[in-house]
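Trainee: Have a look at this one before I ask anything.
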There are 2 protein chains.
Amino acid sequence: MVEIRKPIPVSEAVRLVMEHTPTLDTEIIPLEKAYGRMLGEPIIATHDVPPFNRSAYDGYAIRAEDSQGASKDSPVAFRMIGEIGAGHVGEKPLGEKEAYRIMTGAIMPPNADAVVMLEATKGTENGFTIQRSLEKDDNVSFKGEDAQNGEVLIEKGTVIHPGTVALLATFGYAEVTVSKRPVAGILATGTELLDVTDELEPGKIRNSNGPMIQAQLARMGISCRSYGMMEDNIDACTRIVEEALQETDFLITTGGVSVGDYDYLPAIYERLGAKVLFDKIMMRPGSVTTVAVLGDKLLFGLSGNPSACFTGFELYTRPAINGMMGAKKPYLPHIYATLGEDYPKANPYTRFIRGIWEMTEEGPVAVPAGFNKSNAVSSIARGNCLIVLPRGSKGYKKGMKVDILLLGMEQGAETWRL
Amino acid sequence: MVEIRKPIPVSEAVRLVMEHTPTLDTEIIPLEKAYGRMLGEPIIATHDVPPFNRSAYDGYAIRAEDSQGASKDSPVAFRMIGEIGAGHVGEKPLGEKEAYRIMTGAIMPPNADAVVMLEATKGTENGFTIQRSLEKDDNVSFKGEDAQNGEVLIEKGTVIHPGTVALLATFGYAEVTVSKRPVAGILATGTELLDVTDELEPGKIRNSNGPMIQAQLARMGISCRSYGMMEDNIDACTRIVEEALQETDFLITTGGVSVGDYDYLPAIYERLGAKVLFDKIMMRPGSVTTVAVLGDKLLFGLSGNPSACFTGFELYTRPAINGMMGAKKPYLPHIYATLGEDYPKANPYTRFIRGIWEMTEEGPVAVPAGFNKSNAVSSIARGNCLIVLPRGSKGYKKGMKVDILLLGMEQGAETWRL
């Protein structure tokens, strides 16, 4: 008896996963370890930036009024009364036609309201002359012009990238509150699987999905526990799934979700009392991708075919992991590209093709990364995007505008729009 | 006396850096650690993929000729003589109207040349019937159709991403030859600098460049040694630079490269006998960015201004690091975007503005990330790209097409075209 499953649209599957994604706690870590983590609190300015009026250039701090009338024919002379290096302070207030030598970033001395750039001066015995007048505030960076004390600069749920680290350092965040990272469990099923170190045997292939998912997780900074490769044995599998759910925040299995006689995952979900959110999606590859939930833990049943497994992870597991960490932008970013080759196959379901995009003079162009059956491992290795060909069409022509989802990018998207 | 420096174009500066970039050795690491590394050898198929003719679906393996003439009115009956699960082998050759039950990915049994999908069959007591004929090769994946033994699949100098890991696992690469990662030295100069844990003092700011560069390096998987923050003291600085060059593969300094009286880096380069490749670039921010070379080691003298420092790293240090690892695509990738705001400032030099790009129905739109003086730390934290406004223009209008360089992306570009 062949079980008939009801397929749902990709967007509905994404929505169901996100609706069942729990949010993890936060933790405090040192700033040096913060790159790539998700902000668990907003970054608030703890002081004005700049914290004081400062010189924007190397030059001389003066009173602008003293420069009035300066010209080529009648230069104005200033007397230097001291030097202010960055980090130093000029104590004595400026008197008429007096100046401090001042470095970029140094605090403006009392009474000074403009800076003459070094290049605009001509040295004299005790100072310099200028040939053009300055306005008040010329070449001065003002206290608070970049950020004001108490201002929320970056929201929580944002990935900490190098610029964020700079901001945290500026405001003295030696420690940062970030979202905890979930720990993943990985379990590969299939009697056909060999370990990467095994010699090939007739009818068997090496397990590439386990290492691949480990790398997909590593790309997100997520660590995992591997529960090895299970033969297609329902009792042993069930025990291992139970054990894995004790020790991890969510579980990824590969294989075992088709309607074949050896595909045990549906039975295991039933034994465990897990609620199946969906077991058929209007997508290729990976239409059998199944997601179930038990308590607050998600079980991702990805296809055993490498390309389908890869795609299932990127479309469903990745945003869920981001969601667990409270990400504001959990989804893969997309851009439009021109299809660089015909893709004549009919599309009863939305097709996600491993593709290569490149920038050209006419904009981004994407082509399928090679052989595109769902078991084509080499196309995954060559691809840097997923080309999206919506369902319902009769094939796509070279030159058509398509959506591509960008892989391997820090940047996320706030909504899933496909 | 103000020193007059001769500015060079950005493309020329990039070329000079890459010309002086040494290539590091390779090393062998376990596959589990390979994500994010640079392939130091090509990936060569060690066997055909698939390694044998296999079933593309769950169903029945048959001889296609036996199905000829099958129709709704005259179904053809097959007798099942065994089951072939994935990883198992069917030994007995098929006779007339015989079939094996076969799982996705399982090896085709002797004499079989087509697979009937399970959904297309109707069960009988000892087998099934079909109502449509099949052609030879239907639903069979062929030995070698995805990759052939000995084929070079991925070139060296390619970043190992999750798909690459899958390919390596498939071919039994339990260990992988990758390029060694260079170790960076970081030295911040400036009397105005406080540590991240220090309380603010008049005239001083916390060192944000050091932690930021550490994160820019971490984003590339590169570790560093920090040589702390030096006061503007030329003797002490020189000793530390010498020490750092002993212990690291290249050195990044921040600050000290302007023409101010306290900017010691030029003098240090001279003392060490380092060859200055350039000390003025036609770009803003960061026109004073200086790169020198001593022996086979690069010294990146980045500006002390956070935005200029950030940009200098991304434009020059990043591709050099990739170059040390033999990357085929060392440069930041770019796409075209529509400028979402006027940018009225004149552009005597090429301007790199920290920007935010977002996808819209009309394509990518980029806007400056906020306040855009070179010391604007908050704009770095908000930005996810660099908007490039070429020199020689009088300002840019909303709606114009501009280049943007994408930050935080695995993907690189093979050439520098700006």
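Here, A, B, ... name the chains of the structure tokens in the order displayed, residue numbers run from 1 inside each chain, and ligands are numbered from 1 in the same displayed order.
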Any idea which chain A residues end up within 6 Å of chain B if we count only C-alpha atoms, as number ranges by chain please?
Mentor: A: 35, 58, 86-88, 107, 146, 162-166, 169-170, 172, 174, 191-192, 196-197, 203-204, 206, 208, 212, 215-216, 260, 376, 380-381, 408-410
Trainee: May I have the selected residues written with N, CA and C atoms, as a compact mmCIF listing (two decimals), in the first residue's frame?
Mentor:
```txt
# COMPACT_ATOMS: atom_id res chain seq x y z
N TYR A 35 32.40 37.68 17.79
CA TYR A 35 32.17 37.68 16.35
C TYR A 35 31.28 36.49 15.94
N ASP A 58 44.85 66.92 11.08
CA ASP A 58 46.09 67.48 11.61
C ASP A 58 46.17 68.93 11.20
N ALA A 86 46.91 63.58 20.03
CA ALA A 86 45.71 62.82 20.34
C ALA A 86 45.86 62.21 21.72
N GLY A 87 44.83 62.34 22.53
CA GLY A 87 44.89 61.81 23.90
C GLY A 87 45.40 62.81 24.92
N HIS A 88 45.91 63.94 24.43
CA HIS A 88 46.38 64.98 25.35
C HIS A 88 45.37 66.12 25.40
N ILE A 107 41.33 66.55 21.40
CA ILE A 107 40.27 67.39 21.96
C ILE A 107 40.56 68.86 21.67
N ASP A 146 28.08 61.63 16.10
CA ASP A 146 27.98 60.27 15.56
C ASP A 146 26.96 59.43 16.33
N PRO A 162 32.18 42.40 12.32
CA PRO A 162 33.32 43.20 12.80
C PRO A 162 32.96 44.65 13.16
N GLY A 163 32.05 45.26 12.40
CA GLY A 163 31.64 46.62 12.73
C GLY A 163 30.92 46.69 14.06
N THR A 164 30.15 45.66 14.35
CA THR A 164 29.45 45.60 15.63
C THR A 164 30.46 45.50 16.78
N VAL A 165 31.50 44.72 16.55
CA VAL A 165 32.56 44.58 17.56
C VAL A 165 33.20 45.94 17.84
N ALA A 166 33.44 46.71 16.76
CA ALA A 166 34.02 48.05 16.94
C ALA A 166 33.12 48.91 17.82
N ALA A 169 33.28 47.76 21.43
CA ALA A 169 34.54 48.19 22.05
C ALA A 169 34.50 49.67 22.40
N THR A 170 33.98 50.46 21.47
CA THR A 170 33.88 51.91 21.69
C THR A 170 33.14 52.23 22.99
N GLY A 172 32.77 50.28 25.56
CA GLY A 172 33.27 49.60 26.75
C GLY A 172 32.57 48.30 27.10
N ALA A 174 33.09 45.11 27.46
CA ALA A 174 34.12 44.07 27.50
C ALA A 174 33.46 42.69 27.51
N THR A 191 21.08 1.59 5.12
CA THR A 191 21.98 0.42 5.05
C THR A 191 23.04 0.56 3.97
N GLU A 192 22.84 1.52 3.06
CA GLU A 192 23.79 1.65 1.96
C GLU A 192 25.01 2.49 2.33
N VAL A 196 33.44 7.53 5.71
CA VAL A 196 34.34 8.19 4.75
C VAL A 196 35.66 7.42 4.59
N THR A 197 36.06 6.70 5.62
CA THR A 197 37.33 5.96 5.55
C THR A 197 37.17 4.56 4.95
N GLY A 203 26.97 -1.70 -4.36
CA GLY A 203 25.68 -1.25 -3.87
C GLY A 203 25.76 -0.19 -2.79
N LYS A 204 26.96 0.13 -2.31
CA LYS A 204 27.07 1.08 -1.19
C LYS A 204 27.73 2.39 -1.61
N ARG A 206 29.54 6.19 0.26
CA ARG A 206 29.99 6.78 1.52
C ARG A 206 28.99 7.82 2.01
N SER A 208 27.94 11.09 2.80
CA SER A 208 28.41 12.47 2.59
C SER A 208 27.49 13.47 3.28
N MET A 212 28.54 16.88 5.48
CA MET A 212 28.03 18.10 4.84
C MET A 212 27.21 18.93 5.82
N ALA A 215 29.22 20.70 8.29
CA ALA A 215 29.80 21.93 7.73
C ALA A 215 28.75 23.03 7.58
N GLN A 216 27.52 22.65 7.23
CA GLN A 216 26.45 23.67 7.14
C GLN A 216 26.22 24.28 8.52
N GLY A 260 9.31 4.40 0.99
CA GLY A 260 9.84 3.05 0.78
C GLY A 260 9.65 2.19 2.03
N ALA A 376 23.00 14.57 -7.30
CA ALA A 376 24.23 15.06 -7.93
C ALA A 376 25.12 15.79 -6.92
N ILE A 380 26.51 20.35 -5.89
CA ILE A 380 26.48 21.08 -4.62
C ILE A 380 27.83 21.75 -4.39
N ALA A 381 28.88 21.03 -4.75
CA ALA A 381 30.22 21.54 -4.46
C ALA A 381 30.56 22.74 -5.34
N GLY A 408 26.10 31.06 2.04
CA GLY A 408 27.37 31.42 2.65
C GLY A 408 27.50 32.91 2.90
N MET A 409 26.45 33.51 3.42
CA MET A 409 26.43 34.95 3.62
C MET A 409 25.99 35.26 5.04
N GLU A 410 26.69 36.23 5.65
CA GLU A 410 26.35 36.68 7.00
C GLU A 410 24.95 37.31 7.03
```
Trainee: Can you list, as a list of chain:residue names, all residues belonging to stretch 41-96 of chain B that DSSP tags as helix (DSSP H, G or I)?
Mentor: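 Filtering stretch 41-96 of chain B down to helix (DSSP H, G or I) leaves B:Ala64, B:Glu65, B:Asp66, B:Ser67.
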Trainee: Among stretch 54-281 of chain A, which residues carry a DSSP assignment of strand (DSSP E), reported as JSON, numbers by chain?
Mentor: {"A": [54, 55, 59, 60, 61, 62, 76, 77, 78, 79, 80, 81, 82, 83, 84, 98, 99, 100, 101, 102, 114, 115, 116, 117, 121, 122, 123, 127, 128, 129, 130, 140, 141, 152, 153, 154, 175, 176, 177, 178, 179, 184, 185, 186, 187, 188, 189, 193, 194, 205, 206, 224, 225, 226, 227, 228, 229, 230, 250, 251, 252, 253, 254, 275, 276, 277, 278]}
Trainee: For A:Val367, list every protein, DNA or RNA residue within 10 Å, evaluated using only C-alpha atoms, and leave out those in the same chain fewer than 4 positions away; present the list as a PDB file with all heavy atoms, in the first residue's frame.
Mentor:
```pdb
ATOM      1  N   ALA A 337      18.474  37.480 -10.651  1.00  0.00           N
ATOM      2  CA  ALA A 337      19.547  37.199 -11.599  1.00  0.00           C
ATOM      3  C   ALA A 337      18.925  36.806 -12.923  1.00  0.00           C
ATOM      4  O   ALA A 337      17.744  36.469 -12.994  1.00  0.00           O
ATOM      5  CB  ALA A 337      20.436  36.081 -11.086  1.00  0.00           C
ATOM      6  N   THR A 338      19.733  36.868 -13.956  1.00  0.00           N
ATOM      7  CA  THR A 338      19.287  36.408 -15.265  1.00  0.00           C
ATOM      8  C   THR A 338      19.690  34.951 -15.416  1.00  0.00           C
ATOM      9  O   THR A 338      20.820  34.592 -15.105  1.00  0.00           O
ATOM     10  CB  THR A 338      19.972  37.254 -16.365  1.00  0.00           C
ATOM     11  OG1 THR A 338      19.684  38.631 -16.117  1.00  0.00           O
ATOM     12  CG2 THR A 338      19.475  36.861 -17.741  1.00  0.00           C
ATOM     13  N   LEU A 339      18.754  34.125 -15.872  1.00  0.00           N
ATOM     14  CA  LEU A 339      19.062  32.720 -16.085  1.00  0.00           C
ATOM     15  C   LEU A 339      19.994  32.619 -17.297  1.00  0.00           C
ATOM     16  O   LEU A 339      19.681  33.136 -18.368  1.00  0.00           O
ATOM     17  CB  LEU A 339      17.759  31.939 -16.310  1.00  0.00           C
ATOM     18  CG  LEU A 339      17.818  30.425 -16.209  1.00  0.00           C
ATOM     19  CD1 LEU A 339      18.310  29.970 -14.843  1.00  0.00           C
ATOM     20  CD2 LEU A 339      16.436  29.835 -16.496  1.00  0.00           C
ATOM     21  N   GLY A 340      21.148  31.989 -17.105  1.00  0.00           N
ATOM     22  CA  GLY A 340      22.166  31.950 -18.156  1.00  0.00           C
ATOM     23  C   GLY A 340      22.027  30.776 -19.121  1.00  0.00           C
ATOM     24  O   GLY A 340      22.767  30.684 -20.098  1.00  0.00           O
ATOM     25  N   GLU A 341      21.092  29.868 -18.836  1.00  0.00           N
ATOM     26  CA  GLU A 341      20.879  28.689 -19.685  1.00  0.00           C
ATOM     27  C   GLU A 341      19.392  28.365 -19.686  1.00  0.00           C
ATOM     28  O   GLU A 341      18.703  28.653 -18.729  1.00  0.00           O
ATOM     29  CB  GLU A 341      21.563  27.441 -19.086  1.00  0.00           C
ATOM     30  CG  GLU A 341      23.046  27.389 -19.220  1.00  0.00           C
ATOM     31  CD  GLU A 341      23.634  26.173 -18.500  1.00  0.00           C
ATOM     32  OE1 GLU A 341      22.858  25.261 -18.114  1.00  0.00           O
ATOM     33  OE2 GLU A 341      24.856  26.150 -18.321  1.00  0.00           O
ATOM     34  N   ASP A 342      18.918  27.709 -20.752  1.00  0.00           N
ATOM     35  CA  ASP A 342      17.554  27.177 -20.726  1.00  0.00           C
ATOM     36  C   ASP A 342      17.435  26.140 -19.614  1.00  0.00           C
ATOM     37  O   ASP A 342      18.399  25.437 -19.313  1.00  0.00           O
ATOM     38  CB  ASP A 342      17.221  26.456 -22.043  1.00  0.00           C
ATOM     39  CG  ASP A 342      16.968  27.434 -23.183  1.00  0.00           C
ATOM     40  OD1 ASP A 342      16.955  28.654 -22.920  1.00  0.00           O
ATOM     41  OD2 ASP A 342      16.805  26.972 -24.321  1.00  0.00           O
ATOM     42  N   TYR A 343      16.261  26.069 -19.028  1.00  0.00           N
ATOM     43  CA  TYR A 343      15.985  24.978 -18.102  1.00  0.00           C
ATOM     44  C   TYR A 343      14.635  24.416 -18.513  1.00  0.00           C
ATOM     45  O   TYR A 343      13.585  24.884 -18.088  1.00  0.00           O
ATOM     46  CB  TYR A 343      15.975  25.456 -16.657  1.00  0.00           C
ATOM     47  CG  TYR A 343      16.056  24.299 -15.698  1.00  0.00           C
ATOM     48  CD1 TYR A 343      17.295  23.779 -15.334  1.00  0.00           C
ATOM     49  CD2 TYR A 343      14.913  23.696 -15.207  1.00  0.00           C
ATOM     50  CE1 TYR A 343      17.391  22.694 -14.490  1.00  0.00           C
ATOM     51  CE2 TYR A 343      14.992  22.599 -14.366  1.00  0.00           C
ATOM     52  CZ  TYR A 343      16.240  22.109 -14.011  1.00  0.00           C
ATOM     53  OH  TYR A 343      16.323  21.025 -13.180  1.00  0.00           O
ATOM     54  N   ILE A 353      17.430  24.838  -7.712  1.00  0.00           N
ATOM     55  CA  ILE A 353      18.563  24.265  -8.441  1.00  0.00           C
ATOM     56  C   ILE A 353      19.866  24.824  -7.890  1.00  0.00           C
ATOM     57  O   ILE A 353      20.017  26.036  -7.775  1.00  0.00           O
ATOM     58  CB  ILE A 353      18.472  24.626  -9.933  1.00  0.00           C
ATOM     59  CG1 ILE A 353      17.123  24.196 -10.492  1.00  0.00           C
ATOM     60  CG2 ILE A 353      19.605  23.993 -10.709  1.00  0.00           C
ATOM     61  CD1 ILE A 353      16.867  24.765 -11.862  1.00  0.00           C
ATOM     62  N   ARG A 354      20.789  23.948  -7.549  1.00  0.00           N
ATOM     63  CA  ARG A 354      22.109  24.424  -7.167  1.00  0.00           C
ATOM     64  C   ARG A 354      22.698  25.154  -8.350  1.00  0.00           C
ATOM     65  O   ARG A 354      22.834  24.586  -9.437  1.00  0.00           O
ATOM     66  CB  ARG A 354      23.038  23.273  -6.759  1.00  0.00           C
ATOM     67  CG  ARG A 354      22.745  22.704  -5.407  1.00  0.00           C
ATOM     68  CD  ARG A 354      21.512  21.827  -5.377  1.00  0.00           C
ATOM     69  NE  ARG A 354      21.610  20.752  -6.338  1.00  0.00           N
ATOM     70  CZ  ARG A 354      20.572  20.258  -7.016  1.00  0.00           C
ATOM     71  NH1 ARG A 354      19.351  20.733  -6.851  1.00  0.00           N
ATOM     72  NH2 ARG A 354      20.740  19.264  -7.867  1.00  0.00           N
ATOM     73  N   GLY A 355      23.057  26.411  -8.135  1.00  0.00           N
ATOM     74  CA  GLY A 355      23.532  27.214  -9.254  1.00  0.00           C
ATOM     75  C   GLY A 355      24.814  27.963  -8.917  1.00  0.00           C
ATOM     76  O   GLY A 355      25.247  28.015  -7.763  1.00  0.00           O
ATOM     77  N   ILE A 356      25.402  28.503  -9.956  1.00  0.00           N
ATOM     78  CA  ILE A 356      26.566  29.381  -9.797  1.00  0.00           C
ATOM     79  C   ILE A 356      26.147  30.751 -10.308  1.00  0.00           C
ATOM     80  O   ILE A 356      25.702  30.876 -11.451  1.00  0.00           O
ATOM     81  CB  ILE A 356      27.761  28.887 -10.642  1.00  0.00           C
ATOM     82  CG1 ILE A 356      28.149  27.464 -10.221  1.00  0.00           C
ATOM     83  CG2 ILE A 356      28.947  29.839 -10.503  1.00  0.00           C
ATOM     84  CD1 ILE A 356      29.156  26.822 -11.164  1.00  0.00           C
ATOM     85  N   TRP A 357      26.262  31.767  -9.450  1.00  0.00           N
ATOM     86  CA  TRP A 357      25.987  33.118  -9.952  1.00  0.00           C
ATOM     87  C   TRP A 357      27.293  33.872 -10.062  1.00  0.00           C
ATOM     88  O   TRP A 357      28.234  33.663  -9.293  1.00  0.00           O
ATOM     89  CB  TRP A 357      24.993  33.871  -9.061  1.00  0.00           C
ATOM     90  CG  TRP A 357      25.535  34.413  -7.774  1.00  0.00           C
ATOM     91  CD1 TRP A 357      25.637  33.743  -6.594  1.00  0.00           C
ATOM     92  CD2 TRP A 357      26.029  35.736  -7.518  1.00  0.00           C
ATOM     93  NE1 TRP A 357      26.160  34.550  -5.632  1.00  0.00           N
ATOM     94  CE2 TRP A 357      26.414  35.781  -6.160  1.00  0.00           C
ATOM     95  CE3 TRP A 357      26.175  36.884  -8.310  1.00  0.00           C
ATOM     96  CZ2 TRP A 357      26.951  36.940  -5.570  1.00  0.00           C
ATOM     97  CZ3 TRP A 357      26.718  38.032  -7.708  1.00  0.00           C
ATOM     98  CH2 TRP A 357      27.086  38.045  -6.365  1.00  0.00           C
ATOM     99  N   GLU A 358      27.341  34.718 -11.063  1.00  0.00           N
ATOM    100  CA  GLU A 358      28.502  35.577 -11.265  1.00  0.00           C
ATOM    101  C   GLU A 358      27.997  36.943 -11.679  1.00  0.00           C
ATOM    102  O   GLU A 358      26.935  37.065 -12.279  1.00  0.00           O
ATOM    103  CB  GLU A 358      29.375  35.023 -12.390  1.00  0.00           C
ATOM    104  CG  GLU A 358      30.302  33.934 -11.926  1.00  0.00           C
ATOM    105  CD  GLU A 358      31.268  33.509 -13.022  1.00  0.00           C
ATOM    106  OE1 GLU A 358      30.934  33.668 -14.212  1.00  0.00           O
ATOM    107  OE2 GLU A 358      32.345  33.025 -12.667  1.00  0.00           O
ATOM    108  N   GLY A 383      28.205  24.877  -6.559  1.00  0.00           N
ATOM    109  CA  GLY A 383      27.207  25.931  -6.467  1.00  0.00           C
ATOM    110  C   GLY A 383      27.498  26.967  -5.390  1.00  0.00           C
ATOM    111  O   GLY A 383      28.106  26.681  -4.376  1.00  0.00           O
ATOM    112  N   CYS A 385      24.727  29.307  -4.966  1.00  0.00           N
ATOM    113  CA  CYS A 385      23.376  29.839  -4.773  1.00  0.00           C
ATOM    114  C   CYS A 385      22.359  28.749  -5.072  1.00  0.00           C
ATOM    115  O   CYS A 385      22.717  27.676  -5.551  1.00  0.00           O
ATOM    116  CB  CYS A 385      23.141  31.043  -5.681  1.00  0.00           C
ATOM    117  SG  CYS A 385      23.030  30.647  -7.442  1.00  0.00           S
ATOM    118  N   LEU A 386      21.120  29.024  -4.733  1.00  0.00           N
ATOM    119  CA  LEU A 386      20.017  28.174  -5.166  1.00  0.00           C
ATOM    120  C   LEU A 386      19.171  29.002  -6.129  1.00  0.00           C
ATOM    121  O   LEU A 386      18.711  30.091  -5.778  1.00  0.00           O
ATOM    122  CB  LEU A 386      19.167  27.738  -3.962  1.00  0.00           C
ATOM    123  CG  LEU A 386      19.824  26.769  -2.975  1.00  0.00           C
ATOM    124  CD1 LEU A 386      18.957  26.610  -1.719  1.00  0.00           C
ATOM    125  CD2 LEU A 386      20.041  25.399  -3.623  1.00  0.00           C
ATOM    126  N   ILE A 387      19.015  28.494  -7.351  1.00  0.00           N
ATOM    127  CA  ILE A 387      18.154  29.163  -8.321  1.00  0.00           C
ATOM    128  C   ILE A 387      16.733  28.683  -8.070  1.00  0.00           C
ATOM    129  O   ILE A 387      16.491  27.484  -7.976  1.00  0.00           O
ATOM    130  CB  ILE A 387      18.569  28.801  -9.767  1.00  0.00           C
ATOM    131  CG1 ILE A 387      20.040  29.164 -10.011  1.00  0.00           C
ATOM    132  CG2 ILE A 387      17.662  29.497 -10.777  1.00  0.00           C
ATOM    133  CD1 ILE A 387      20.565  28.715 -11.376  1.00  0.00           C
ATOM    134  N   LYS A 398      16.664  30.791 -21.126  1.00  0.00           N
ATOM    135  CA  LYS A 398      17.814  31.657 -20.944  1.00  0.00           C
ATOM    136  C   LYS A 398      17.373  33.114 -21.081  1.00  0.00           C
ATOM    137  O   LYS A 398      16.611  33.443 -21.992  1.00  0.00           O
ATOM    138  CB  LYS A 398      18.851  31.312 -22.020  1.00  0.00           C
ATOM    139  CG  LYS A 398      20.112  32.121 -21.969  1.00  0.00           C
ATOM    140  CD  LYS A 398      21.105  31.654 -23.021  1.00  0.00           C
ATOM    141  CE  LYS A 398      22.241  32.677 -23.115  1.00  0.00           C
ATOM    142  NZ  LYS A 398      23.323  32.221 -23.966  1.00  0.00           N
TER     143      LYS A 398
END
```
Trainee: Atom CA of B:Val17 and atom CA of B:Cys237 are how many Å apart?
Mentor: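 These two atoms are separated by 23.3 Å.
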Trainee: Rounded to one decimal place, report the atom CA of A:Arg37-atom CA of A:Met324 distance in Å.
Mentor: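 So the two atoms, atom CA of A:Arg37 and atom CA of A:Met324, lie 12.4 Å apart.
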Trainee: What's around A:Pro182 at 10 Å? Count only C-alpha atoms, leave out sequence neighbours fewer than 5 positions away in its own chain, and write the answer as a list in words.
Mentor: Thr23, Leu24, Asp25, Gly221, Ile222, Ser223, Cys224, Thr248, Asp249, Phe250, Ile321, Asn322, Met324 and Met325 of chain A
